[in-house]
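Asks: Provided herewith: coords-v2.pdb, PDB, C-alpha atoms, pLDDT in the B column.
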```pdb
MODEL        1
ATOM      1  CA  MET A   1     -49.270   1.655 -36.601  1.00 43.00           C
ATOM      2  CA  THR A   2     -47.724  -1.153 -34.603  1.00 43.00           C
ATOM      3  CA  PRO A   3     -47.856  -0.855 -30.826  1.00 42.00           C
ATOM      4  CA  THR A   4     -44.563  -1.115 -29.014  1.00 42.00           C
ATOM      5  CA  THR A   5     -44.119  -3.097 -25.872  1.00 41.00           C
ATOM      6  CA  SER A   6     -41.789  -2.328 -23.042  1.00 40.00           C
ATOM      7  CA  ALA A   7     -41.488  -5.838 -21.685  1.00 46.00           C
ATOM      8  CA  THR A   8     -38.684  -6.301 -19.244  1.00 55.00           C
ATOM      9  CA  LEU A   9     -36.180  -8.852 -20.418  1.00 55.00           C
ATOM     10  CA  PRO A  10     -35.375 -11.598 -17.925  1.00 63.00           C
ATOM     11  CA  PHE A  11     -32.222 -11.109 -15.890  1.00 65.00           C
ATOM     12  CA  ARG A  12     -29.389 -13.363 -17.037  1.00 74.00           C
ATOM     13  CA  ALA A  13     -26.668 -13.952 -14.449  1.00 75.00           C
ATOM     14  CA  ALA A  14     -24.256 -14.884 -17.260  1.00 78.00           C
ATOM     15  CA  ASP A  15     -24.373 -11.236 -18.400  1.00 86.00           C
ATOM     16  CA  LEU A  16     -22.575 -10.263 -15.183  1.00 90.00           C
ATOM     17  CA  GLY A  17     -19.389 -11.993 -16.272  1.00 92.00           C
ATOM     18  CA  THR A  18     -16.979 -12.959 -13.515  1.00 92.00           C
ATOM     19  CA  LEU A  19     -17.849 -11.131 -10.284  1.00 92.00           C
ATOM     20  CA  VAL A  20     -15.009 -10.454  -7.873  1.00 93.00           C
ATOM     21  CA  VAL A  21     -15.098  -9.226  -4.274  1.00 94.00           C
ATOM     22  CA  MET A  22     -11.898  -7.706  -2.920  1.00 94.00           C
ATOM     23  CA  PRO A  23     -11.498  -6.794   0.765  1.00 95.00           C
ATOM     24  CA  TRP A  24      -9.187  -4.139   2.123  1.00 92.00           C
ATOM     25  CA  SER A  25      -9.057  -1.858   5.099  1.00 93.00           C
ATOM     26  CA  GLY A  26      -7.909   1.677   5.518  1.00 90.00           C
ATOM     27  CA  GLU A  27      -8.023   4.614   7.847  1.00 88.00           C
ATOM     28  CA  ALA A  28     -11.447   6.236   8.135  1.00 87.00           C
ATOM     29  CA  PRO A  29     -12.167   9.884   9.003  1.00 86.00           C
ATOM     30  CA  ASP A  30     -12.727   8.845  12.633  1.00 88.00           C
ATOM     31  CA  GLY A  31      -9.141   7.555  12.760  1.00 88.00           C
ATOM     32  CA  GLY A  32     -10.099   3.886  13.029  1.00 88.00           C
ATOM     33  CA  ASP A  33      -9.639   1.146  10.484  1.00 93.00           C
ATOM     34  CA  MET A  34     -12.569   0.781   8.044  1.00 96.00           C
ATOM     35  CA  PRO A  35     -13.249  -2.594   6.385  1.00 97.00           C
ATOM     36  CA  TYR A  36     -14.103  -2.104   2.709  1.00 96.00           C
ATOM     37  CA  LEU A  37     -15.378  -4.520   0.078  1.00 96.00           C
ATOM     38  CA  LEU A  38     -14.943  -3.684  -3.577  1.00 96.00           C
ATOM     39  CA  ALA A  39     -17.206  -5.716  -5.856  1.00 95.00           C
ATOM     40  CA  TYR A  40     -16.753  -5.550  -9.615  1.00 96.00           C
ATOM     41  CA  SER A  41     -16.957  -7.616 -12.767  1.00 95.00           C
ATOM     42  CA  LEU A  42     -14.077  -8.506 -15.025  1.00 96.00           C
ATOM     43  CA  GLY A  43     -16.297  -7.434 -17.937  1.00 95.00           C
ATOM     44  CA  ASP A  44     -15.893 -10.849 -19.513  1.00 95.00           C
ATOM     45  CA  ALA A  45     -19.518 -11.685 -20.320  1.00 92.00           C
ATOM     46  CA  ALA A  46     -20.162 -13.128 -23.771  1.00 91.00           C
ATOM     47  CA  ASP A  47     -21.668  -9.849 -25.009  1.00 90.00           C
ATOM     48  CA  GLY A  48     -18.713  -7.791 -23.789  1.00 91.00           C
ATOM     49  CA  PRO A  49     -18.011  -5.155 -21.144  1.00 92.00           C
ATOM     50  CA  GLU A  50     -20.956  -2.914 -22.096  1.00 93.00           C
ATOM     51  CA  ALA A  51     -23.401  -5.747 -21.491  1.00 92.00           C
ATOM     52  CA  THR A  52     -21.642  -6.508 -18.213  1.00 93.00           C
ATOM     53  CA  THR A  53     -21.942  -2.899 -17.082  1.00 95.00           C
ATOM     54  CA  ALA A  54     -25.671  -2.868 -17.862  1.00 94.00           C
ATOM     55  CA  ALA A  55     -26.210  -6.234 -16.123  1.00 94.00           C
ATOM     56  CA  VAL A  56     -24.380  -5.141 -12.956  1.00 95.00           C
ATOM     57  CA  GLU A  57     -26.370  -1.893 -12.872  1.00 95.00           C
ATOM     58  CA  ARG A  58     -29.627  -3.817 -13.219  1.00 94.00           C
ATOM     59  CA  LEU A  59     -28.576  -6.283 -10.518  1.00 93.00           C
ATOM     60  CA  LEU A  60     -27.819  -3.434  -8.123  1.00 94.00           C
ATOM     61  CA  THR A  61     -30.954  -1.391  -8.776  1.00 94.00           C
ATOM     62  CA  ASP A  62     -33.159  -4.500  -8.677  1.00 92.00           C
ATOM     63  CA  HIS A  63     -31.758  -5.174  -5.186  1.00 92.00           C
ATOM     64  CA  GLY A  64     -32.250  -1.667  -3.794  1.00 93.00           C
ATOM     65  CA  LEU A  65     -28.726  -0.371  -4.357  1.00 95.00           C
ATOM     66  CA  PRO A  66     -28.873   2.740  -6.547  1.00 95.00           C
ATOM     67  CA  VAL A  67     -25.849   3.322  -8.759  1.00 97.00           C
ATOM     68  CA  GLY A  68     -24.433   6.781  -8.167  1.00 93.00           C
ATOM     69  CA  GLY A  69     -27.048   7.380  -5.484  1.00 85.00           C
ATOM     70  CA  ASP A  70     -27.006   7.888  -1.766  1.00 92.00           C
ATOM     71  CA  LEU A  71     -25.309   5.572   0.688  1.00 95.00           C
ATOM     72  CA  VAL A  72     -27.587   2.680   1.647  1.00 96.00           C
ATOM     73  CA  ASP A  73     -27.422   1.716   5.316  1.00 96.00           C
ATOM     74  CA  GLY A  74     -28.204  -1.970   5.686  1.00 95.00           C
ATOM     75  CA  ALA A  75     -28.628  -1.547   9.441  1.00 93.00           C
ATOM     76  CA  VAL A  76     -31.724   0.621   8.956  1.00 94.00           C
ATOM     77  CA  ARG A  77     -32.971  -1.402   5.966  1.00 92.00           C
ATOM     78  CA  PRO A  78     -33.284  -4.951   7.323  1.00 86.00           C
ATOM     79  CA  SER A  79     -35.201  -5.955   4.182  1.00 90.00           C
ATOM     80  CA  LEU A  80     -32.183  -5.146   1.982  1.00 94.00           C
ATOM     81  CA  PRO A  81     -31.596  -8.356   0.026  1.00 94.00           C
ATOM     82  CA  VAL A  82     -27.815  -7.857  -0.088  1.00 94.00           C
ATOM     83  CA  THR A  83     -26.099  -9.128   3.058  1.00 95.00           C
ATOM     84  CA  LEU A  84     -22.640  -9.809   4.412  1.00 97.00           C
ATOM     85  CA  LEU A  85     -21.755 -12.982   6.273  1.00 96.00           C
ATOM     86  CA  VAL A  86     -18.402 -13.095   8.060  1.00 96.00           C
ATOM     87  CA  GLU A  87     -17.548 -16.554   9.361  1.00 94.00           C
ATOM     88  CA  ALA A  88     -14.453 -18.739   9.753  1.00 93.00           C
ATOM     89  CA  GLY A  89     -12.144 -16.092   8.300  1.00 94.00           C
ATOM     90  CA  GLN A  90     -14.240 -15.612   5.161  1.00 95.00           C
ATOM     91  CA  ALA A  91     -16.508 -12.830   3.944  1.00 96.00           C
ATOM     92  CA  VAL A  92     -19.508 -13.799   1.827  1.00 95.00           C
ATOM     93  CA  LEU A  93     -21.571 -11.226  -0.039  1.00 95.00           C
ATOM     94  CA  ASN A  94     -25.068 -12.669  -0.605  1.00 92.00           C
ATOM     95  CA  ALA A  95     -27.916 -11.557  -2.831  1.00 89.00           C
ATOM     96  CA  PRO A  96     -30.772 -13.447  -4.474  1.00 85.00           C
ATOM     97  CA  SER A  97     -28.895 -13.555  -7.810  1.00 81.00           C
ATOM     98  CA  PHE A  98     -25.359 -14.285  -6.618  1.00 84.00           C
ATOM     99  CA  ASN A  99     -23.006 -15.226  -3.796  1.00 88.00           C
ATOM    100  CA  ALA A 100     -19.392 -14.077  -3.797  1.00 89.00           C
ATOM    101  CA  GLN A 101     -16.829 -14.931  -1.175  1.00 91.00           C
ATOM    102  CA  CYS A 102     -13.314 -13.841  -0.356  1.00 93.00           C
ATOM    103  CA  LEU A 103     -10.605 -14.449   2.221  1.00 94.00           C
ATOM    104  CA  PRO A 104      -9.954 -11.089   3.903  1.00 96.00           C
ATOM    105  CA  PRO A 105      -6.659 -10.278   5.574  1.00 95.00           C
ATOM    106  CA  PRO A 106      -6.490 -10.315   9.387  1.00 96.00           C
ATOM    107  CA  GLU A 107      -6.625  -6.518   9.651  1.00 96.00           C
ATOM    108  CA  TRP A 108      -9.909  -6.483   7.683  1.00 97.00           C
ATOM    109  CA  LEU A 109     -11.384  -9.133   9.952  1.00 97.00           C
ATOM    110  CA  ALA A 110     -10.279  -7.153  13.025  1.00 96.00           C
ATOM    111  CA  ALA A 111     -11.832  -3.948  11.624  1.00 97.00           C
ATOM    112  CA  VAL A 112     -15.159  -5.634  10.818  1.00 97.00           C
ATOM    113  CA  GLU A 113     -15.204  -7.263  14.258  1.00 95.00           C
ATOM    114  CA  LYS A 114     -14.677  -3.876  15.903  1.00 95.00           C
ATOM    115  CA  ARG A 115     -17.154  -1.926  13.754  1.00 96.00           C
ATOM    116  CA  GLY A 116     -19.733  -4.631  13.126  1.00 96.00           C
ATOM    117  CA  TYR A 117     -20.099  -3.675   9.463  1.00 97.00           C
ATOM    118  CA  ALA A 118     -18.209  -3.214   6.201  1.00 97.00           C
ATOM    119  CA  TYR A 119     -18.466  -0.509   3.557  1.00 96.00           C
ATOM    120  CA  LEU A 120     -19.392  -1.980   0.154  1.00 97.00           C
ATOM    121  CA  VAL A 121     -18.470  -0.274  -3.109  1.00 97.00           C
ATOM    122  CA  PHE A 122     -20.125  -2.315  -5.883  1.00 97.00           C
ATOM    123  CA  THR A 123     -19.153  -0.740  -9.174  1.00 97.00           C
ATOM    124  CA  THR A 124     -20.545  -1.231 -12.642  1.00 97.00           C
ATOM    125  CA  ARG A 125     -17.111  -0.315 -14.031  1.00 97.00           C
ATOM    126  CA  PRO A 126     -15.322  -3.488 -15.175  1.00 97.00           C
ATOM    127  CA  TRP A 127     -11.772  -4.134 -14.004  1.00 96.00           C
ATOM    128  CA  PRO A 128     -10.433  -6.856 -16.336  1.00 94.00           C
ATOM    129  CA  GLU A 129      -6.861  -6.582 -15.056  1.00 93.00           C
ATOM    130  CA  ALA A 130      -7.733  -7.588 -11.475  1.00 93.00           C
ATOM    131  CA  VAL A 131      -8.358 -11.286 -11.972  1.00 89.00           C
ATOM    132  CA  PRO A 132      -8.756 -13.715  -9.078  1.00 88.00           C
ATOM    133  CA  GLY A 133      -5.490 -15.332  -8.039  1.00 86.00           C
ATOM    134  CA  LYS A 134      -3.330 -12.504  -9.408  1.00 89.00           C
ATOM    135  CA  PRO A 135      -1.942 -10.142  -6.745  1.00 90.00           C
ATOM    136  CA  VAL A 136      -3.080  -6.521  -6.952  1.00 92.00           C
ATOM    137  CA  GLU A 137      -0.616  -3.933  -5.748  1.00 93.00           C
ATOM    138  CA  PRO A 138      -1.977  -1.459  -3.172  1.00 91.00           C
ATOM    139  CA  GLU A 139      -1.341   1.399  -5.615  1.00 94.00           C
ATOM    140  CA  GLU A 140      -3.414  -0.329  -8.316  1.00 95.00           C
ATOM    141  CA  LEU A 141      -6.261  -0.927  -5.873  1.00 94.00           C
ATOM    142  CA  ALA A 142      -6.149   2.692  -4.691  1.00 93.00           C
ATOM    143  CA  ALA A 143      -6.107   3.976  -8.268  1.00 96.00           C
ATOM    144  CA  PHE A 144      -9.109   1.882  -9.346  1.00 96.00           C
ATOM    145  CA  ALA A 145     -11.180   2.018  -6.152  1.00 94.00           C
ATOM    146  CA  GLY A 146     -10.543   5.724  -5.648  1.00 93.00           C
ATOM    147  CA  ALA A 147     -11.124   6.798  -9.249  1.00 96.00           C
ATOM    148  CA  GLU A 148     -14.081   9.076  -9.796  1.00 96.00           C
ATOM    149  CA  GLU A 149     -15.246   6.835 -12.675  1.00 96.00           C
ATOM    150  CA  THR A 150     -15.351   3.864 -10.315  1.00 97.00           C
ATOM    151  CA  LEU A 151     -17.065   5.663  -7.445  1.00 96.00           C
ATOM    152  CA  THR A 152     -19.748   7.408  -9.510  1.00 96.00           C
ATOM    153  CA  ALA A 153     -20.524   4.145 -11.331  1.00 97.00           C
ATOM    154  CA  ALA A 154     -21.030   2.339  -8.034  1.00 97.00           C
ATOM    155  CA  ALA A 155     -23.618   1.607  -5.412  1.00 97.00           C
ATOM    156  CA  HIS A 156     -22.399   2.369  -1.898  1.00 97.00           C
ATOM    157  CA  ALA A 157     -23.713   0.504   1.128  1.00 97.00           C
ATOM    158  CA  VAL A 158     -22.888  -0.151   4.748  1.00 97.00           C
ATOM    159  CA  LEU A 159     -23.600  -3.815   5.412  1.00 97.00           C
ATOM    160  CA  PRO A 160     -23.864  -5.222   8.927  1.00 97.00           C
ATOM    161  CA  ALA A 161     -21.512  -8.150   9.369  1.00 96.00           C
ATOM    162  CA  ARG A 162     -23.594 -11.163  10.246  1.00 93.00           C
ATOM    163  CA  SER A 163     -22.314 -14.505  11.435  1.00 89.00           C
ATOM    164  CA  LEU A 164     -23.887 -17.882  11.933  1.00 76.00           C
ATOM    165  CA  ARG A 165     -23.818 -17.258  15.694  1.00 68.00           C
ATOM    166  CA  ARG A 166     -25.731 -13.935  15.534  1.00 52.00           C
TER     167      ARG A 166
ENDMDL
END
```
As structure tokens, what does this structure read like?
Replies:
Amino acid sequence: MTPTTSATLPFRAADLGTLVVMPWSGEAPDGGDMPYLLAYSLGDAADGPEATTAAVERLLTDHGLPVGGDLVDGAVRPSLPVTLLVEAGQAVLNAPSFNAQCLPPPEWLAAVEKRGYAYLVFTTRPWPEAVPGKPVEPEELAAFAGAEETLTAAAHAVLPARSLRR
């Protein structure tokens, strides 16, 4: 009988494919504007969308963001390795394995300034149609970001908005 090993394979950032962060804001239950960040992969890793999905899930769980789990509050978990930097009109999502930045619209920046945080939805569900540089219609964003398949395949976190001055 040959023993089996359960060695953990090393994480390969290339398996994530192209990561995209898309900002938008919308009305929250409290009536105010909520700044959201949707993070997703295009599913374009060399081994295909299934490998991308698995790599994104591993990235999230390795960094304390459970997929399909409870909301993670970065304000009460200062050791959370995923952070949000908002500076000079840009939003930068940082983690030990990646950095992704975007240029949010003015209403997003105003909402994050007022609230002091953004709501991150980081999904393992690839969205190959939403490529950087190609406009996404609000209806398309709402359909993807609000789909049950997207939300249940995602980690949800509230991330304090940090700046270089704070």
Asks: Name the residues captured by the PyMOL selection byres ((chain A and resi 104) around 8) when it is applied to the shown file; answer as a short mmCIF file (atom, residue, chain, number, x, y, z; two decimals) with C-alpha atoms, in the frame of the given file.
Replies:
```
data_model
loop_
_atom_site.label_atom_id
_atom_site.label_comp_id
_atom_site.auth_asym_id
_atom_site.auth_seq_id
_atom_site.Cartn_x
_atom_site.Cartn_y
_atom_site.Cartn_z
CA MET A 22 -11.90 -7.71 -2.92
CA PRO A 23 -11.50 -6.79 0.76
CA TRP A 24 -9.19 -4.14 2.12
CA GLY A 89 -12.14 -16.09 8.30
CA GLN A 90 -14.24 -15.61 5.16
CA ALA A 91 -16.51 -12.83 3.94
CA CYS A 102 -13.31 -13.84 -0.36
CA LEU A 103 -10.60 -14.45 2.22
CA PRO A 105 -6.66 -10.28 5.57
CA PRO A 106 -6.49 -10.32 9.39
CA TRP A 108 -9.91 -6.48 7.68
CA LEU A 109 -11.38 -9.13 9.95
#
```
Asks: I'd like to see the residues matched by the PyMOL selection byres ((chain A and resi 13) around 9) on this file, and ideally I'd get them as a ChimeraX atom specification.
Replies: /A:11-12,14-17,55,59,97-98
Asks: Step by step, work through what the PyMOL selection byres ((chain A and resi 53) around 9) selects in the shown file, and finish by giving those residues as a ChimeraX atom specification.
Replies: /A:15-16,41,43,48-52,54-58,123-126
Asks: Distance atom CA of A:Arg115-atom CA of A:Pro81, one decimal place?
Replies: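 Interatomic distance, atom CA of A:Arg115 to atom CA of A:Pro81: 20.9 Å.
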Asks: Between A:Ala118, A:Gly69, A:Val92, A:Leu85, which residue has the minimum interatomic distance to A:Ala153, considering all atoms listed in the file?
Replies: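 Looking only at the distances to A:Ala153, the closest residue turns out to be A:Gly69.
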Asks: For each of A:Asp70, A:Ala111, A:Asn99, A:Leu60, take the minimum atom-to-atom distance to A:Gly32, counting all atoms listed in the file, then give the residue where this is smallest.
Replies: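 Looking at the shortest contact to A:Gly32, the residue is A:Ala111.
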Asks: Name the closest residue to A:Val131 among the candidates A:Leu151, A:Leu42, A:Ala28, A:Leu164; distances are taken between atoms, counting all atoms listed in the file.
Replies: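 Counting all atoms listed in the file, the residue closest to A:Val131 is A:Leu42.
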Asks: Kindly give the distance, in Å, that separates atom CA of A:Tyr40 and atom CA of A:Gly116, rounded to a single decimal.
Replies: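 Computing the Euclidean distance for atom CA of A:Tyr40 and atom CA of A:Gly116 yields 23.0 Å.
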Asks: What is the distance, in Å and to one decimal place, between atom CA of A:Val82 and atom CA of A:Pro29?
Replies: 25.3 Å
Asks: Identify which of the residues A:Arg77, A:Thr18, A:Thr83, A:Ala155 lies closest to A:Tyr117, counting only C-alpha atoms when measuring atom-to-atom distances.
Replies: A:Thr83
Asks: Looking at only C-alpha atoms, which of A:Val67, A:Met34, A:Ala100, A:Val121 is the one that sits closest to A:Ala145?
Replies: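 Nearest to A:Ala145: A:Val121.
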Asks: Measuring between only C-alpha atoms, which one of A:Ala161, A:Leu38, A:Leu93, A:Leu120 shows the shortest distance to A:Ala142?
Replies: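 Under the stated criterion, the closest residue is A:Leu38.
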Asks: Set the distance at 9 Å and use all atoms listed in the file: which residues neighbour A:Val72 once local chain neighbours fewer than 3 positions away are removed? I'd like the list as a list in words.
Replies: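 Non-adjacent residues within range: Gly64, Leu65, Pro66, Gly69, Ala75, Val76, Arg77, Ala155, His156, Ala157, Val158 and Leu159 of chain A.
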Asks: Restricting the output to C-alpha atoms, write the selected residues as a PDB file, in the coordinates of the input.
Replies:
```pdb
ATOM      1  CA  GLY A  64     -32.250  -1.667  -3.794  1.00 93.00           C
ATOM      2  CA  LEU A  65     -28.726  -0.371  -4.357  1.00 95.00           C
ATOM      3  CA  PRO A  66     -28.873   2.740  -6.547  1.00 95.00           C
ATOM      4  CA  GLY A  69     -27.048   7.380  -5.484  1.00 85.00           C
ATOM      5  CA  ALA A  75     -28.628  -1.547   9.441  1.00 93.00           C
ATOM      6  CA  VAL A  76     -31.724   0.621   8.956  1.00 94.00           C
ATOM      7  CA  ARG A  77     -32.971  -1.402   5.966  1.00 92.00           C
ATOM      8  CA  ALA A 155     -23.618   1.607  -5.412  1.00 97.00           C
ATOM      9  CA  HIS A 156     -22.399   2.369  -1.898  1.00 97.00           C
ATOM     10  CA  ALA A 157     -23.713   0.504   1.128  1.00 97.00           C
ATOM     11  CA  VAL A 158     -22.888  -0.151   4.748  1.00 97.00           C
ATOM     12  CA  LEU A 159     -23.600  -3.815   5.412  1.00 97.00           C
TER      13      LEU A 159
END
```
Asks: Using only the atoms of stretch 73-91 of chain A listed in the file, plus 5 Å on each side, state the axis-aligned box centre and edge lengths in Å rounded to one decimal, as AutoDock Vina command-line options.
Replies:
```
--center_x -23.7 --center_y -8.5 --center_z 4.8 --size_x 33.1 --size_y 30.5 --size_z 19.8
```
